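J.: Take a look at the following structure, please.
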Amino acid sequence: MARDEKTTVVTGLGLVTPVGADEHTFWAGLCAGRSVARRCGELAGLPADFACVAEETDLDEAVGGRAGWRMARFAKMALVAARRAVADAGLRPERWDGGRVGVVLGVGVGGVSALVDNVRRLDAGGPQAVSPLLAPMMMPNAAAGEIAIDLRAHGPSLAPATACASGATALAVAHDLLTGGRCDIVVAGGAESVLTPLVVTAFAQMGALSVRTGDPAAASRPFAADRDGFVLGEGAAVLVLERAGHAAARGGRARAVLAGAGSATDAHHPTAPDPGGHGARRAVEAALDAAGWTAQEVDHVNAHGTSTPLNDAMEAGLIARLFPHRPSVTAPKGVIGHTLAAGGAIEAAATVLTLEHGVVPPVANLDAPPAEWDIDCVTKQPRRQHVERAVSHSFGFGGHNVALAFEQVRHAGR
């Protein structure tokens with residue numbers, strides 16, 4: 001279907017990630033293809049004592065004022081990313097019709113560090129020691145609420161929780177709000193910050209984390225034969241989405257087209273993916289159908305690529321079966337770790353940047369995927385490639401599968 005004024009376009013990007021404080025340092029870090037995992041003192045003594053930390057942004061300074069007192073770290077990251085995205089889009093909240101602006105911000109866990117800290121306070125000092133701000137700090141929807149307050153957005157404010165697919169789910173929901181005419185602008189993405197001993201131990205106990213404690217920077221290795229688990233990260237990414245006609249009328253710049261989104265559920269296991277990838281395939285095929293593409297038209301896949309044995313095997317098989325023409329494949333988690341709910345949004349931003357720059361970042365710590373996987377992973381250095389159409393995969397515990405189809409603005413439609 002030809003692109004028209006109702007097409008969903010990306011007009012702004014905002015990021016807070018372990019590899020950079022803004023879009024430019026994030027992109028440079030991805031293209032460098034080196035993991036930023038490091039040992040963390042607060043995780044000393046745990047089976048996995050390292051993580052990918054977003055430490056380039058002073059969040060309290062960036063948030064400013066007294067509002068930061070009531071926010072957990074994930075909400076601060078989300079708010080900073082949202083402000084950056086709105087500024088990048090050339091929008092001014094004081095001038096827009098807030099009733100036509102929505103916020104959709106995916107979060108998987110919420111303010112777990114605030115919760116753990118207040119449990120200790122309760123045990124040590126009784127009820128009076130518990131912060132009166134605990135409830136707004138720990139609730140997962142706090143990020144969406146704080147963004148709406150800050151940006152004067154009075155349209156729908158939603159907080160989808162689909163585990164590691166939450167950020168991608170948020171973008172899919174935003175796409176629906178725009179195509180359904182409910183909103184003119186949606187600020188959407190994901191955020192997560194759970195680098196606490198309790199959460200790290202929880203993932204380690206279930207065998208999901210890499211335990212390469214001798215070399216943290218080599219631990220996250222998507223699609224490598226010797227991968228042994230993911231590395232936890234933290235961060236936030238927010239995209240501003242608009243209908244093309246609305247963006248054009250205000251003189252806004254469309255950076256990419258969100259041509260389609262698809263979702264499906266494995267209904268297989270609480271944490272393990274369906275090894276046949278049937279739910280993931282349904283999600284990708286739904287996104288392609290919504291975009292009006294054939295699988296053959298996909299030039300690039302931004303893979304979920306967690307570096308776990310089960311996920312990468314399932315996803316490699318899916319890509320090989322669905323895309324036998326071997327589009328290029330990258331997996332940002334090799335560099336930034338697994339940022340959980342933020343991952344789908346961060347990887348959507350990376351996909352937009354690949355379309356813009358004509359460059360595919362390499363998969364960190366990968367020489368080549370196993371020979372039995374017929375997929376074209378970009379390794380060792382960035383690859384220059386003219387990419388017109390790309391798909392970004394996101395899969396989450398609970399069997400959630402989301403695929404987003406992005407294309408260059410000048411090539412949208414046929």
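In the structure tokens, chains take the letters A, B, ... in the order shown, each chain's residues start at 1, and ligands count up from 1 in the order shown.
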For range 199-213 of chain A, list every protein, DNA or RNA residue within 12 Å, evaluated using only C-alpha atoms, and leave out those in the same chain fewer than 4 positions away; present the list as a ChimeraX atom specification.
T.: /A:37-40,42-51,109-113,115-116,193-195,217-222,226-233,270-272,306-311,334,337-338,340,397
J.: According to DSSP computed on the backbone, where in range 118-312 of chain A is there helix (DSSP H, G or I)? Give the residues as a PyMOL selection string.
T.: chain A and resi 118-125+127-129+134-138+142-151+163-179+197-205+216-218+244-249+278-291+295-297+309-312
J.: Could you list, as a PyMOL selection string, every residue within 10 Å of range 125-132 of chain A, counting only C-alpha atoms and ignoring same-chain residues fewer than 6 positions away?
T.: chain A and resi 70+114-115+117-119
J.: Ranking A:Val391, A:Ala87, A:Leu151, A:Ala225 by minimum distance to Pro370 in chain A and counting only C-alpha atoms, which one comes first?
T.: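 Closest to Pro370 in chain A of all the choices is A:Ala225.
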J.: Could you produce a table of the residues of range 256-298 of chain A lying within 12 Å of range 164-186 of chain A, with the nearest pair of atoms per residue and their separation in Å rounded to one decimal, using only C-alpha atoms, ordered by chain and increasing residue number, as CSV?
T.:
```
residue,atom,partner,partner_atom,distance
A:Val257,CA,A:His175,CA,10.6
A:Leu258,CA,A:His175,CA,7.6
A:Ala259,CA,A:His175,CA,9.0
A:Gly260,CA,A:His175,CA,8.0
A:Ala261,CA,A:Ala172,CA,5.5
A:Gly262,CA,A:Ala172,CA,7.4
A:Ser263,CA,A:Thr169,CA,7.9
A:Ala264,CA,A:Thr169,CA,10.8
A:Thr265,CA,A:Ala165,CA,11.2
A:Thr271,CA,A:Cys164,CA,10.7
A:Ala280,CA,A:Ala165,CA,11.5
A:Ala283,CA,A:Thr169,CA,11.3
A:Ala286,CA,A:Ala172,CA,11.6
A:Ala287,CA,A:Ala172,CA,9.7
A:Ala290,CA,A:His175,CA,11.2
A:Ala291,CA,A:His175,CA,11.9
```
J.: Kindly indicate which residue among A:Arg83, A:Arg152, A:His304, A:Arg255 lies nearest to Val329 in chain A, using only C-alpha atoms for the distances.
T.: A:His304
J.: Tell me, as a list in words, which residues lie within 7 Å of range 16-25 of chain A, counting only C-alpha atoms; anything in the same chain fewer than 4 positions away does not count.
T.: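 Final neighbour list, sorted by chain and number: Gly29, Val36, Cys52, Val53, Ala54, Glu55, Glu56, Thr57, Met77, Ala81, Glu234, Gly235, Ala236, Ala237 and Ile336 of chain A.
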J.: Please return, as an MDAnalysis selection string, all residues of range 102-345 of chain A that DSSP assigns to strand (DSSP E or B) on the basis of the backbone.
T.: chainID A and resid 102:106 157:158 185:192 209 230 232:233 235:243 256:265 300:302 328:330 338
J.: My list of candidates is A:Gly214, A:Gly99, A:Gly155, A:Gly358. Which is closest to Ser328 in chain A when distances are computed with only C-alpha atoms?
T.: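 The shortest atom-to-atom distance to Ser328 in chain A comes from A:Gly358.
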J.: Determine, counting only C-alpha atoms, which protein, DNA and RNA residues have an atom within 9 Å of an atom of Leu353 in chain A; residues of the same chain fewer than 6 positions away are not included. Present the result as a list of chain:residue names.
T.: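 Counting only the stated atoms, we get A:Trp27, A:Arg255, A:Ala256, A:Val359, A:Val360.
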J.: Those residues you just picked out, can you put them in a file as a CSV table (one decimal), in the first residue's frame with all heavy atoms?
T.:
```csv
chain,number,residue,atom,x,y,z
A,27,TRP,N,25.4,5.4,18.8
A,27,TRP,CA,25.6,4.9,17.5
A,27,TRP,C,27.1,4.6,17.3
A,27,TRP,O,27.5,3.5,16.7
A,27,TRP,CB,25.1,5.8,16.4
A,27,TRP,CG,25.2,5.3,15.0
A,27,TRP,CD1,25.9,5.9,14.0
A,27,TRP,CD2,24.6,4.2,14.5
A,27,TRP,NE1,25.8,5.1,12.8
A,27,TRP,CE2,25.0,4.1,13.1
A,27,TRP,CE3,23.8,3.2,15.0
A,27,TRP,CZ2,24.6,3.0,12.3
A,27,TRP,CZ3,23.3,2.2,14.2
A,27,TRP,CH2,23.8,2.1,12.8
A,255,ARG,N,12.1,10.6,10.1
A,255,ARG,CA,13.4,9.9,10.0
A,255,ARG,C,13.3,8.5,9.5
A,255,ARG,O,14.2,7.9,8.9
A,255,ARG,CB,14.0,9.9,11.4
A,255,ARG,CG,14.3,11.2,12.0
A,255,ARG,CD,15.0,11.2,13.3
A,255,ARG,NE,16.3,10.6,13.1
A,255,ARG,CZ,17.3,10.7,14.1
A,255,ARG,NH1,17.0,11.2,15.2
A,255,ARG,NH2,18.5,10.1,13.8
A,256,ALA,N,12.1,7.9,9.7
A,256,ALA,CA,11.9,6.5,9.2
A,256,ALA,C,10.4,6.3,9.2
A,256,ALA,O,9.6,7.0,9.9
A,256,ALA,CB,12.6,5.5,10.0
A,359,VAL,N,24.5,1.8,7.4
A,359,VAL,CA,25.6,1.0,8.1
A,359,VAL,C,24.9,0.0,9.1
A,359,VAL,O,24.0,0.4,9.8
A,359,VAL,CB,26.5,2.0,8.9
A,359,VAL,CG1,27.5,1.2,9.7
A,359,VAL,CG2,27.2,2.9,7.9
A,360,VAL,N,25.4,-1.2,9.1
A,360,VAL,CA,25.0,-2.2,10.0
A,360,VAL,C,26.1,-2.4,11.0
A,360,VAL,O,27.2,-2.8,10.7
A,360,VAL,CB,24.7,-3.5,9.3
A,360,VAL,CG1,24.2,-4.6,10.3
A,360,VAL,CG2,23.6,-3.3,8.2
```
J.: Please report the interatomic distance between CA of Pro216 in chain A and CA of Leu366 in chain A in Å with one decimal.
T.: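 Going from CA of Pro216 in chain A over to CA of Leu366 in chain A covers 14.6 Å.
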J.: Which is closest to Val107 in chain A among A:Gly277, A:Pro160, A:Pro197, A:Gly68, if we use only C-alpha atoms?
T.: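 Checking each of A:Gly277, A:Pro160, A:Pro197, A:Gly68 against Val107 in chain A, counting only C-alpha atoms, the winner is A:Pro160.
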J.: Go through range 301-402 of chain A residue by residue and, counting only C-alpha atoms, keep those with an atom at most 12 Å from range 72-75 of chain A; for each kept residue give the shortest atom pair and its distance in Å to one decimal, ordered by chain and increasing number, as a Markdown table.
T.:
```
| residue | atom | partner | partner_atom | distance |
| --- | --- | --- | --- | --- |
| A:Thr339 | CA | A:Phe74 | CA | 11.0 |
| A:Leu340 | CA | A:Phe74 | CA | 11.6 |
| A:Ala341 | CA | A:Phe74 | CA | 10.4 |
| A:Ala342 | CA | A:Phe74 | CA | 9.6 |
```
J.: Could you take the residues named above and write them with C-alpha atoms, as an mmCIF file, in the first residue's frame?
T.:
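Done, and the output landed in again_19.cif:
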```
data_model
loop_
_atom_site.group_PDB
_atom_site.id
_atom_site.type_symbol
_atom_site.label_atom_id
_atom_site.label_comp_id
_atom_site.auth_asym_id
_atom_site.auth_seq_id
_atom_site.Cartn_x
_atom_site.Cartn_y
_atom_site.Cartn_z
ATOM 1 C CA THR A 339 18.346 -4.050 28.955
ATOM 2 C CA LEU A 340 15.142 -6.076 29.399
ATOM 3 C CA ALA A 341 12.061 -3.886 28.810
ATOM 4 C CA ALA A 342 14.171 -1.162 27.212
#
```
